[in-house]
$ cat my_file_19.cif   # mmCIF, C-alpha atoms and all ligand atoms
data_target
#
loop_
_atom_site.label_atom_id
_atom_site.label_comp_id
_atom_site.auth_asym_id
_atom_site.auth_seq_id
_atom_site.Cartn_x
_atom_site.Cartn_y
_atom_site.Cartn_z
CA MET A 7 0.00 0.00 0.00
CA LEU A 8 1.25 3.49 -0.78
CA ASP A 9 2.03 5.84 2.03
CA VAL A 10 -0.18 8.67 0.83
CA ALA A 11 -2.66 10.11 3.28
CA LYS A 12 -6.16 11.16 2.34
CA THR A 13 -5.48 14.43 0.54
CA THR A 14 -8.59 15.73 -1.14
CA ASP A 15 -12.31 15.87 -0.61
CA LYS A 16 -14.18 17.96 -3.11
CA SER A 17 -17.56 18.16 -4.70
CA TYR A 18 -19.06 19.55 -7.90
CA ALA A 19 -22.53 20.07 -9.36
CA ASP A 20 -24.01 21.04 -5.97
CA GLY A 21 -22.57 17.95 -4.31
CA ARG A 22 -23.83 15.51 -6.90
CA ILE A 23 -20.27 14.64 -7.98
CA LEU A 24 -17.89 13.82 -5.11
CA GLN A 25 -14.14 13.44 -5.35
CA SER A 26 -11.64 12.10 -2.83
CA VAL A 27 -8.15 10.63 -2.67
CA THR A 28 -6.88 7.97 -0.27
CA ASP A 29 -3.61 6.07 -0.47
CA GLY A 30 -2.98 6.92 -4.11
CA VAL A 31 -6.53 5.94 -5.12
CA GLY A 32 -8.87 8.63 -6.46
CA VAL A 33 -12.61 8.09 -6.05
CA ILE A 34 -15.37 9.84 -7.99
CA THR A 35 -18.92 9.25 -6.75
CA PHE A 36 -22.12 9.93 -8.72
CA ASN A 37 -24.22 11.29 -5.90
CA ASN A 38 -27.82 11.70 -6.94
CA PRO A 39 -29.32 8.65 -5.19
CA ASP A 40 -32.92 9.94 -5.19
CA LYS A 41 -32.82 9.66 -8.98
CA ARG A 42 -30.78 6.45 -8.94
CA ASN A 43 -27.72 8.61 -9.75
CA ALA A 44 -29.18 9.87 -13.04
CA MET A 45 -26.61 12.09 -14.72
CA SER A 46 -27.54 15.73 -15.40
CA LEU A 47 -25.45 17.99 -17.64
CA ASP A 48 -23.88 19.79 -14.68
CA MET A 49 -22.89 16.40 -13.27
CA TRP A 50 -21.14 15.63 -16.57
CA GLU A 51 -19.28 18.91 -16.17
CA GLY A 52 -18.41 18.05 -12.56
CA LEU A 53 -17.20 14.63 -13.63
CA GLY A 54 -14.86 16.38 -16.08
CA HIS A 55 -13.45 18.62 -13.32
CA ALA A 56 -12.90 15.67 -11.01
CA LEU A 57 -11.24 13.59 -13.74
CA ILE A 58 -8.86 16.45 -14.58
CA GLU A 59 -7.95 17.03 -10.92
CA LEU A 60 -7.21 13.37 -10.35
CA ARG A 61 -5.29 13.16 -13.61
CA GLU A 62 -3.06 16.08 -12.58
CA ASP A 63 -2.53 14.81 -9.01
CA ALA A 64 0.78 12.94 -9.12
CA ASP A 65 -0.12 10.96 -5.99
CA VAL A 66 -3.14 9.42 -7.71
CA ARG A 67 -2.31 6.21 -9.55
CA VAL A 68 -5.78 4.83 -10.21
CA VAL A 69 -9.36 6.12 -10.17
CA ILE A 70 -12.55 4.39 -8.99
CA LEU A 71 -15.96 5.48 -10.32
CA THR A 72 -18.90 4.57 -8.14
CA GLY A 73 -22.51 5.48 -7.35
CA ALA A 74 -23.87 6.73 -4.04
CA GLY A 75 -26.35 4.57 -2.15
CA ASP A 76 -27.05 0.91 -2.68
CA LYS A 77 -29.51 1.09 -5.56
CA ALA A 78 -27.54 2.31 -8.56
CA PHE A 79 -24.21 2.95 -10.17
CA MET A 80 -25.99 5.26 -12.61
CA SER A 81 -29.47 5.11 -14.15
CA GLY A 82 -28.24 6.92 -17.26
CA ALA A 83 -28.82 10.45 -18.41
CA ASP A 84 -31.32 12.52 -16.44
CA ILE A 85 -34.42 12.04 -18.59
CA SER A 86 -36.19 14.98 -16.93
CA GLN A 87 -33.79 17.29 -18.81
CA PHE A 88 -34.60 15.78 -22.22
CA GLU A 89 -37.70 17.86 -22.98
CA LYS A 90 -35.58 21.02 -22.85
CA THR A 91 -32.18 19.80 -23.95
CA ARG A 92 -32.56 16.71 -26.14
CA HIS A 93 -35.95 16.94 -27.85
CA ASN A 94 -34.78 16.72 -31.47
CA ALA A 95 -31.69 16.03 -33.60
CA GLN A 96 -30.25 19.55 -33.28
CA ALA A 97 -30.81 19.77 -29.53
CA SER A 98 -29.45 16.26 -29.17
CA GLU A 99 -26.30 17.25 -31.03
CA GLU A 100 -25.84 20.23 -28.69
CA TYR A 101 -26.50 17.95 -25.71
CA SER A 102 -23.87 15.49 -26.94
CA LYS A 103 -21.36 18.30 -27.41
CA LYS A 104 -21.81 19.25 -23.74
CA SER A 105 -20.69 15.83 -22.58
CA ALA A 106 -18.20 15.27 -25.44
CA ALA A 107 -15.24 16.79 -23.59
CA GLN A 108 -15.84 14.54 -20.59
CA ARG A 109 -16.26 11.46 -22.78
CA ALA A 110 -12.98 12.35 -24.53
CA LEU A 111 -11.33 12.73 -21.11
CA LEU A 112 -12.44 9.22 -20.20
CA ALA A 113 -11.30 7.85 -23.55
CA ASP A 114 -7.81 9.33 -23.26
CA TYR A 115 -7.38 8.99 -19.52
CA PRO A 116 -3.76 8.14 -18.69
CA LYS A 117 -4.49 6.33 -15.40
CA PRO A 118 -6.45 3.12 -14.92
CA ILE A 119 -10.15 3.60 -14.13
CA ILE A 120 -12.22 1.00 -12.28
CA ALA A 121 -16.02 1.08 -12.38
CA CYS A 122 -17.44 -0.19 -9.07
CA ILE A 123 -21.04 -1.11 -9.93
CA ARG A 124 -23.78 -1.72 -7.39
CA GLY A 125 -27.40 -1.85 -8.54
CA PHE A 126 -28.67 -0.31 -11.76
CA CYS A 127 -26.18 0.45 -14.50
CA LEU A 128 -28.25 1.71 -17.40
CA GLY A 129 -27.86 3.78 -20.58
CA GLY A 130 -25.23 6.46 -19.95
CA GLY A 131 -24.22 4.48 -16.86
CA MET A 132 -23.25 1.62 -19.14
CA GLN A 133 -21.44 4.07 -21.37
CA VAL A 134 -19.38 5.38 -18.45
CA ALA A 135 -18.75 1.87 -17.07
CA MET A 136 -17.69 0.60 -20.49
CA ALA A 137 -15.25 3.49 -20.88
CA ALA A 138 -13.52 2.35 -17.67
CA ASP A 139 -10.61 -0.09 -17.84
CA ILE A 140 -12.09 -2.63 -15.45
CA ARG A 141 -15.67 -3.32 -14.28
CA LEU A 142 -16.44 -4.93 -10.93
CA ALA A 143 -20.06 -5.51 -9.95
CA SER A 144 -22.11 -6.66 -6.99
CA GLU A 145 -24.42 -9.65 -7.35
CA ASN A 146 -27.54 -7.50 -7.26
CA SER A 147 -26.60 -5.31 -10.23
CA GLN A 148 -28.58 -4.91 -13.43
CA PHE A 149 -27.36 -3.75 -16.79
CA GLY A 150 -29.09 -2.46 -19.88
CA ILE A 151 -29.27 0.19 -22.58
CA PRO A 152 -32.93 1.18 -22.92
CA ALA A 153 -32.28 3.45 -25.93
CA ALA A 154 -34.86 1.63 -28.09
CA LYS A 155 -37.45 2.05 -25.33
CA LEU A 156 -36.90 5.81 -25.35
CA GLY A 157 -36.39 6.33 -29.08
CA ILE A 158 -32.71 7.29 -28.78
CA ALA A 159 -30.04 6.52 -31.39
CA TYR A 160 -26.88 5.38 -29.65
CA GLY A 161 -23.57 6.90 -30.71
CA TYR A 162 -20.47 5.31 -32.23
CA ASP A 163 -18.30 5.33 -29.09
CA GLY A 164 -20.85 3.67 -26.84
CA LEU A 165 -21.58 0.94 -29.35
CA LYS A 166 -17.91 0.44 -30.15
CA HIS A 167 -17.21 -0.30 -26.50
CA LEU A 168 -20.25 -2.54 -26.27
CA VAL A 169 -19.35 -4.55 -29.37
CA SER A 170 -15.74 -4.91 -28.32
CA LEU A 171 -16.76 -6.18 -24.86
CA VAL A 172 -19.68 -8.49 -25.66
CA GLY A 173 -19.48 -9.04 -29.44
CA PRO A 174 -21.96 -7.97 -32.13
CA SER A 175 -24.64 -10.54 -31.36
CA TRP A 176 -25.14 -9.67 -27.70
CA ALA A 177 -24.78 -5.98 -28.60
CA ARG A 178 -27.72 -6.39 -30.99
CA LEU A 179 -29.81 -8.32 -28.48
CA LEU A 180 -29.23 -5.66 -25.81
CA MET A 181 -29.85 -2.73 -28.16
CA TYR A 182 -32.86 -4.11 -30.08
CA THR A 183 -34.72 -5.25 -26.95
CA GLY A 184 -33.49 -2.76 -24.32
CA VAL A 185 -33.60 -5.76 -21.97
CA ARG A 186 -31.97 -5.64 -18.53
CA ILE A 187 -29.59 -8.43 -17.61
CA ASP A 188 -28.31 -9.44 -14.19
CA SER A 189 -24.72 -9.65 -12.94
CA ALA A 190 -24.32 -13.35 -13.68
CA GLU A 191 -25.27 -12.82 -17.32
CA ALA A 192 -23.14 -9.67 -17.53
CA LEU A 193 -20.18 -11.68 -16.26
CA ARG A 194 -20.84 -14.53 -18.68
CA ILE A 195 -20.93 -12.25 -21.75
CA GLY A 196 -17.84 -10.27 -20.71
CA LEU A 197 -19.57 -7.01 -19.85
CA VAL A 198 -18.11 -7.09 -16.33
CA ASP A 199 -14.90 -8.70 -15.14
CA ARG A 200 -15.80 -9.90 -11.67
CA VAL A 201 -18.97 -10.21 -9.59
CA VAL A 202 -18.84 -10.27 -5.79
CA ALA A 203 -21.36 -10.22 -2.94
CA ASP A 204 -22.84 -6.82 -2.31
CA ALA A 205 -21.13 -6.42 1.07
CA GLU A 206 -17.74 -7.28 -0.39
CA LEU A 207 -17.82 -5.03 -3.46
CA TRP A 208 -16.10 -1.98 -2.02
CA ASN A 209 -13.28 -3.96 -0.38
CA ALA A 210 -12.77 -6.04 -3.52
CA THR A 211 -12.59 -2.86 -5.59
CA THR A 212 -10.17 -1.00 -3.32
CA GLU A 213 -7.97 -4.08 -3.04
CA ILE A 214 -7.52 -4.17 -6.81
CA ALA A 215 -7.06 -0.39 -6.90
CA ARG A 216 -4.36 -0.53 -4.19
CA THR A 217 -2.59 -3.35 -5.97
CA ILE A 218 -2.49 -1.25 -9.14
CA ALA A 219 -1.45 1.83 -7.12
CA GLY A 220 1.45 -0.10 -5.61
CA ASN A 221 2.77 -1.29 -8.99
CA ALA A 222 5.21 0.58 -11.21
CA PRO A 223 3.20 3.47 -12.76
CA LEU A 224 5.14 3.48 -16.04
CA ALA A 225 4.59 -0.25 -16.51
CA VAL A 226 0.85 0.15 -15.83
CA HIS A 227 0.75 3.13 -18.20
CA ALA A 228 2.60 1.13 -20.86
CA ALA A 229 0.01 -1.64 -20.62
CA LYS A 230 -2.82 0.90 -20.82
CA ILE A 231 -1.40 2.64 -23.88
CA THR A 232 -0.57 -0.58 -25.69
CA ILE A 233 -3.95 -2.23 -25.05
CA ALA A 234 -5.70 0.95 -26.27
CA GLN A 235 -3.68 0.80 -29.49
CA VAL A 236 -4.47 -2.92 -29.97
CA LEU A 237 -8.17 -1.99 -29.89
CA LYS A 238 -7.81 0.59 -32.66
CA ASP A 239 -8.07 -0.12 -36.38
CA PRO A 240 -4.60 -1.13 -37.64
CA ASP A 241 -4.07 2.04 -39.69
CA ALA A 242 -5.03 4.26 -36.75
CA ARG A 243 -2.56 2.69 -34.35
CA ASP A 244 0.19 4.85 -32.90
CA MET A 245 3.09 2.39 -32.78
CA ASP A 246 5.47 5.26 -31.89
CA ALA A 247 3.54 5.85 -28.66
CA ILE A 248 3.99 2.18 -27.75
CA LYS A 249 7.70 2.41 -28.51
CA ALA A 250 8.11 5.64 -26.51
CA ILE A 251 6.43 4.35 -23.35
CA GLY A 252 8.31 1.05 -23.69
CA THR A 253 11.63 2.91 -23.83
CA ALA A 254 10.71 5.19 -20.90
CA CYS A 255 9.66 2.19 -18.86
CA MET A 256 12.69 0.01 -19.56
CA ASN A 257 15.07 2.93 -18.88
CA SER A 258 13.26 3.94 -15.69
CA GLU A 259 14.50 4.09 -12.11
CA ASP A 260 11.46 2.00 -11.27
CA PHE A 261 12.61 -0.90 -13.44
CA ARG A 262 15.93 -0.83 -11.58
CA GLU A 263 14.06 -0.66 -8.27
CA GLY A 264 11.76 -3.54 -9.31
CA ARG A 265 14.57 -5.95 -10.09
CA THR A 266 16.72 -4.83 -7.12
CA ALA A 267 13.80 -5.25 -4.71
CA PHE A 268 13.14 -8.73 -6.11
CA MET A 269 16.77 -9.76 -5.58
CA GLU A 270 16.80 -8.23 -2.08
CA LYS A 271 13.51 -9.97 -1.24
CA ARG A 272 11.74 -6.74 -0.26
CA LYS A 273 8.77 -4.74 -1.49
CA PRO A 274 9.67 -2.28 -4.26
CA LYS A 275 9.12 1.46 -3.78
CA PHE A 276 8.10 2.89 -7.13
CA LYS A 277 8.30 6.56 -8.01
CA GLY A 278 6.79 6.68 -11.49
CA ARG A 279 10.04 7.60 -13.21
N1 LIG B 301 -33.54 10.22 -15.26
C1 LIG B 301 -34.31 10.95 -14.44
N2 LIG B 301 -34.91 10.45 -13.33
C2 LIG B 301 -34.69 9.17 -13.06
C3 LIG B 301 -33.88 8.35 -13.87
C4 LIG B 301 -33.30 8.93 -15.03
N3 LIG B 301 -32.49 8.24 -15.84
N4 LIG B 301 -33.86 7.11 -13.34
C5 LIG B 301 -34.62 7.16 -12.22
N5 LIG B 301 -35.12 8.39 -12.06
C6 LIG B 301 -35.98 8.87 -10.97
C7 LIG B 301 -37.42 8.38 -11.14
O1 LIG B 301 -38.12 9.22 -12.01
C8 LIG B 301 -37.93 8.43 -9.71
O2 LIG B 301 -38.23 9.77 -9.42
P1 LIG B 301 -39.48 10.13 -8.43
O3 LIG B 301 -39.05 9.60 -7.10
O4 LIG B 301 -39.53 11.63 -8.48
O5 LIG B 301 -40.67 9.44 -9.00
C9 LIG B 301 -36.69 8.06 -8.90
O6 LIG B 301 -35.58 8.29 -9.76
C10 LIG B 301 -36.66 6.61 -8.50
O7 LIG B 301 -36.90 5.83 -9.65
P2 LIG B 301 -37.95 4.63 -9.67
O8 LIG B 301 -38.26 4.32 -11.10
O9 LIG B 301 -39.10 4.91 -8.78
O10 LIG B 301 -37.05 3.49 -8.99
P3 LIG B 301 -36.96 1.95 -9.29
O11 LIG B 301 -35.97 1.42 -8.32
O12 LIG B 301 -38.32 1.33 -9.34
O13 LIG B 301 -36.36 1.84 -10.79
C11 LIG B 301 -34.82 2.35 -12.57
C12 LIG B 301 -35.07 2.31 -11.04
C13 LIG B 301 -33.43 2.96 -12.73
C14 LIG B 301 -34.87 0.94 -13.16
C15 LIG B 301 -35.89 3.20 -13.27
O14 LIG B 301 -36.00 4.43 -12.58
C16 LIG B 301 -35.59 3.50 -14.71
O15 LIG B 301 -35.90 2.69 -15.56
N6 LIG B 301 -34.96 4.67 -15.00
C17 LIG B 301 -34.69 5.10 -16.34
C18 LIG B 301 -33.49 4.38 -16.89
C19 LIG B 301 -33.21 4.81 -18.31
O16 LIG B 301 -34.05 4.74 -19.18
N7 LIG B 301 -31.99 5.26 -18.53
C20 LIG B 301 -31.52 5.67 -19.82
C21 LIG B 301 -31.57 7.12 -19.94
S1 LIG B 301 -30.95 7.59 -21.54
#
$ encode --input "my_file_19.cif" --output "structure tokens" --more "lines below"
Ligand code: COA
Amino acid sequence: MLDVAKTTDKSYADGRILQSVTDGVGVITFNNPDKRNAMSLDMWEGLGHALIELREDADVRVVILTGAGDKAFMSGADISQFEKTRHNAQASEEYSKKSAAQRALLADYPKPIIACIRGFCLGGGMQVAMAADIRLASENSQFGIPAAKLGIAYGYDGLKHLVSLVGPSWARLLMYTGVRIDSAEALRIGLVDRVVADAELWNATTEIARTIAGNAPLAVHAAKITIAQVLKDPDARDMDAIKAIGTACMNSEDFREGRTAFMEKRKPKFKGR
């Protein structure tokens, strides 16, 4: 475990986005439990602020996204805003633009992100969870994209993530029906990586986060960059980026520390350089 005390406790969007840091682990909480953590536009903005802060905080090695309360990770976009902000194609385009910066932040985030999912994970909640690197869920969770039930066309990024996680056939079944599936099914089709009992979810999540936080940051970053490039179309891949992070990693003080610590039978102390 890293020796970094709890350093930050902040909130955005009138307290509906919470941010904290403990032991090198940043946590962002969607905090709108009365609406099952439905995401309003100001919450999207708050999420962006929190992601940037945690990205710039050198002590933070990994970020957990979670929902407040025990009922939902996120029930998707706040539908009560749709009549004003998303009622036709033009408004919808404007609406998308407002969350585009935050979605781009998630897509290009340099640190690992873990989605800790308890309860409903629907629509935009799925989109956020799928943009994370790792998804852990409690047994009582439910997943779905009810776009067809609302008359919404889903965008390229969301469907790209869905198809790459569950394959085209399950993506079609989920999208055409808008059906909700439980954790066991989500695990079976590859939508989530691990399912644990409700009471164990937070500990299981922080244990993985702390393990990542205690590893060599450049090596974790190298894995993140390289896996992201593998997922791109071959002609869009940035092989130079893979080479650059590989060189930085293999020339790093941390690589020296990693092998020295192994030989000296002690825990390594990584610095991220
Ligand atoms: N946007 C706005 N409000 C939402 C919401 C959303 N996405 N999801 C839930 N809420 C609100 C409900 O309107 C309700 O408000 P009220 O107390 O003022 O009546 C409150 O949250 C609780 O929801 P409720 O439906 O009573 O709870 P539930 O536990 O029976 O069901 C859900 C929870 C999440 C399954 C259900 O609320 C739902 O289907 N939400 C919409 C999900 C969706 O379509 N998301 C995609 C949006 S693009």
$ residues_near_ligand --input "my_file_19.cif" --ligand "ligand LIG 301 (chain B)" --cutoff "10 Å" --atoms "all atoms listed in the file" --output "ChimeraX atom specification"
/A:38-46,77-88,125-132,148-160,184,186
$ closest_residue --input "my_file_19.cif" --among "A:Leu165, A:Ile251, A:Ala137, A:Ile70" --to "A:Val31" --atoms "all atoms listed in the file"
A:Ile70
$ atom_distance --input "my_file_19.cif" --atom1 "atom CA of A:Asn221" --atom2 "atom CA of A:Gly32"
15.5 Å
$ residues_around --input "my_file_19.cif" --residues "A:Ser170" --least-positions-apart "6" --cutoff "10 Å" --atoms "only C-alpha atoms" --output "list in words"
Met136, Ala177, Gly196, Leu197 and Leu237 of chain A
$ residues_around --input "my_file_19.cif" --residues "A:Val198" --least-positions-apart "6" --cutoff "7 Å" --atoms "all atoms listed in the file" --output "count of residues only"
4
$ closest_residue --input "my_file_19.cif" --among "A:Arg178, A:Lys117, A:Arg272, A:Arg194" --to "A:Val66" --atoms "all atoms listed in the file"
A:Lys117
$ residues_around --input "my_file_19.cif" --residues "A:Ile231" --least-positions-apart "5" --cutoff "10 Å" --atoms "only C-alpha atoms" --output "ChimeraX atom specification"
/A:114-117,225-226,236,244-245,247-248,251-252
$ closest_residue --input "my_file_19.cif" --among "A:Arg67, A:Lys104, A:Lys166, A:Arg262" --to "A:Ile214" --atoms "all atoms listed in the file"
A:Arg67
$ atom_distance --input "my_file_19.cif" --atom1 "atom CA of A:Val27" --atom2 "atom CA of A:Ala64"
11.3 Å
$ atom_distance --input "my_file_19.cif" --atom1 "atom CA of A:Gly21" --atom2 "atom CA of A:Leu53"
11.3 Å
$ closest_residue --input "my_file_19.cif" --among "A:Thr35, A:Thr91, A:Ser144, A:Ser26" --to "A:Ala210" --atoms "only C-alpha atoms"
A:Ser144
$ closest_residue --input "my_file_19.cif" --among "A:Ala113, A:Ala19, A:Ala254, A:Ile195" --to "A:His227" --atoms "all atoms listed in the file"
A:Ala254
$ residues_around --input "my_file_19.cif" --residues "A:Leu111" --least-positions-apart "2" --cutoff "12 Å" --atoms "only C-alpha atoms" --output "ChimeraX atom specification"
/A:50-51,53-61,105-109,113-117,119,134,137-138
$ closest_residue --input "my_file_19.cif" --among "A:Gly161, A:Glu100, A:Ile34, A:Ile120" --to "A:Lys16" --atoms "only C-alpha atoms"
A:Ile34
$ residues_near_point --input "my_file_19.cif" --point "(8.3, 2.2, -8.5)" --cutoff "6 Å" --atoms "only C-alpha atoms" --output "PyMOL selection string"
chain A and resi 222+260+275-278
$ residues_near_point --input "my_file_19.cif" --point "(-10.8, 1.5, -4.2)" --cutoff "10 Å" --atoms "only C-alpha atoms" --output "count of residues only"
27
$ decode --input "my_file_19.cif" --residues "stretch 39-55 of chain A" --atoms "N, CA, C and O atoms" --output "PDB file, in the first residue's frame"
ATOM      1  N   PRO A  39     -28.656   9.940  -5.433  1.00  0.00           N
ATOM      2  CA  PRO A  39     -29.322   8.653  -5.186  1.00  0.00           C
ATOM      3  C   PRO A  39     -30.839   8.691  -5.317  1.00  0.00           C
ATOM      4  O   PRO A  39     -31.436   7.694  -5.686  1.00  0.00           O
ATOM      5  N   ASP A  40     -31.451   9.875  -5.060  1.00  0.00           N
ATOM      6  CA  ASP A  40     -32.923   9.938  -5.192  1.00  0.00           C
ATOM      7  C   ASP A  40     -33.367   9.648  -6.612  1.00  0.00           C
ATOM      8  O   ASP A  40     -34.501   9.224  -6.846  1.00  0.00           O
ATOM      9  N   LYS A  41     -32.485   9.934  -7.570  1.00  0.00           N
ATOM     10  CA  LYS A  41     -32.821   9.658  -8.980  1.00  0.00           C
ATOM     11  C   LYS A  41     -31.995   8.486  -9.487  1.00  0.00           C
ATOM     12  O   LYS A  41     -31.685   8.421 -10.669  1.00  0.00           O
ATOM     13  N   ARG A  42     -31.599   7.624  -8.577  1.00  0.00           N
ATOM     14  CA  ARG A  42     -30.775   6.447  -8.945  1.00  0.00           C
ATOM     15  C   ARG A  42     -29.499   6.902  -9.669  1.00  0.00           C
ATOM     16  O   ARG A  42     -29.053   6.288 -10.626  1.00  0.00           O
ATOM     17  N   ASN A  43     -28.967   8.039  -9.206  1.00  0.00           N
ATOM     18  CA  ASN A  43     -27.719   8.610  -9.752  1.00  0.00           C
ATOM     19  C   ASN A  43     -27.825   8.932 -11.246  1.00  0.00           C
ATOM     20  O   ASN A  43     -26.859   8.752 -11.998  1.00  0.00           O
ATOM     21  N   ALA A  44     -29.020   9.388 -11.659  1.00  0.00           N
ATOM     22  CA  ALA A  44     -29.182   9.873 -13.036  1.00  0.00           C
ATOM     23  C   ALA A  44     -28.231  11.049 -13.242  1.00  0.00           C
ATOM     24  O   ALA A  44     -28.003  11.852 -12.341  1.00  0.00           O
ATOM     25  N   MET A  45     -27.701  11.147 -14.449  1.00  0.00           N
ATOM     26  CA  MET A  45     -26.611  12.093 -14.723  1.00  0.00           C
ATOM     27  C   MET A  45     -27.154  13.330 -15.453  1.00  0.00           C
ATOM     28  O   MET A  45     -27.537  13.251 -16.625  1.00  0.00           O
ATOM     29  N   SER A  46     -27.133  14.475 -14.765  1.00  0.00           N
ATOM     30  CA  SER A  46     -27.536  15.728 -15.397  1.00  0.00           C
ATOM     31  C   SER A  46     -26.316  16.340 -16.089  1.00  0.00           C
ATOM     32  O   SER A  46     -25.181  15.913 -15.871  1.00  0.00           O
ATOM     33  N   LEU A  47     -26.574  17.382 -16.904  1.00  0.00           N
ATOM     34  CA  LEU A  47     -25.446  17.989 -17.640  1.00  0.00           C
ATOM     35  C   LEU A  47     -24.414  18.606 -16.700  1.00  0.00           C
ATOM     36  O   LEU A  47     -23.209  18.522 -16.951  1.00  0.00           O
ATOM     37  N   ASP A  48     -24.884  19.213 -15.593  1.00  0.00           N
ATOM     38  CA  ASP A  48     -23.883  19.792 -14.679  1.00  0.00           C
ATOM     39  C   ASP A  48     -23.076  18.702 -13.971  1.00  0.00           C
ATOM     40  O   ASP A  48     -21.924  18.914 -13.609  1.00  0.00           O
ATOM     41  N   MET A  49     -23.678  17.517 -13.838  1.00  0.00           N
ATOM     42  CA  MET A  49     -22.891  16.404 -13.272  1.00  0.00           C
ATOM     43  C   MET A  49     -21.818  15.958 -14.267  1.00  0.00           C
ATOM     44  O   MET A  49     -20.704  15.608 -13.881  1.00  0.00           O
ATOM     45  N   TRP A  50     -22.166  15.943 -15.560  1.00  0.00           N
ATOM     46  CA  TRP A  50     -21.144  15.632 -16.573  1.00  0.00           C
ATOM     47  C   TRP A  50     -19.967  16.601 -16.451  1.00  0.00           C
ATOM     48  O   TRP A  50     -18.808  16.214 -16.479  1.00  0.00           O
ATOM     49  N   GLU A  51     -20.324  17.891 -16.312  1.00  0.00           N
ATOM     50  CA  GLU A  51     -19.278  18.913 -16.170  1.00  0.00           C
ATOM     51  C   GLU A  51     -18.436  18.654 -14.921  1.00  0.00           C
ATOM     52  O   GLU A  51     -17.203  18.721 -14.953  1.00  0.00           O
ATOM     53  N   GLY A  52     -19.108  18.342 -13.819  1.00  0.00           N
ATOM     54  CA  GLY A  52     -18.414  18.045 -12.556  1.00  0.00           C
ATOM     55  C   GLY A  52     -17.517  16.830 -12.691  1.00  0.00           C
ATOM     56  O   GLY A  52     -16.387  16.813 -12.172  1.00  0.00           O
ATOM     57  N   LEU A  53     -18.019  15.827 -13.400  1.00  0.00           N
ATOM     58  CA  LEU A  53     -17.200  14.632 -13.628  1.00  0.00           C
ATOM     59  C   LEU A  53     -15.911  15.024 -14.344  1.00  0.00           C
ATOM     60  O   LEU A  53     -14.828  14.550 -13.989  1.00  0.00           O
ATOM     61  N   GLY A  54     -16.043  15.910 -15.339  1.00  0.00           N
ATOM     62  CA  GLY A  54     -14.864  16.380 -16.076  1.00  0.00           C
ATOM     63  C   GLY A  54     -13.858  17.050 -15.149  1.00  0.00           C
ATOM     64  O   GLY A  54     -12.661  16.748 -15.190  1.00  0.00           O
ATOM     65  N   HIS A  55     -14.363  17.940 -14.263  1.00  0.00           N
ATOM     66  CA  HIS A  55     -13.451  18.625 -13.322  1.00  0.00           C
ATOM     67  C   HIS A  55     -12.728  17.606 -12.446  1.00  0.00           C
ATOM     68  O   HIS A  55     -11.521  17.691 -12.229  1.00  0.00           O
TER      69      HIS A  55
END
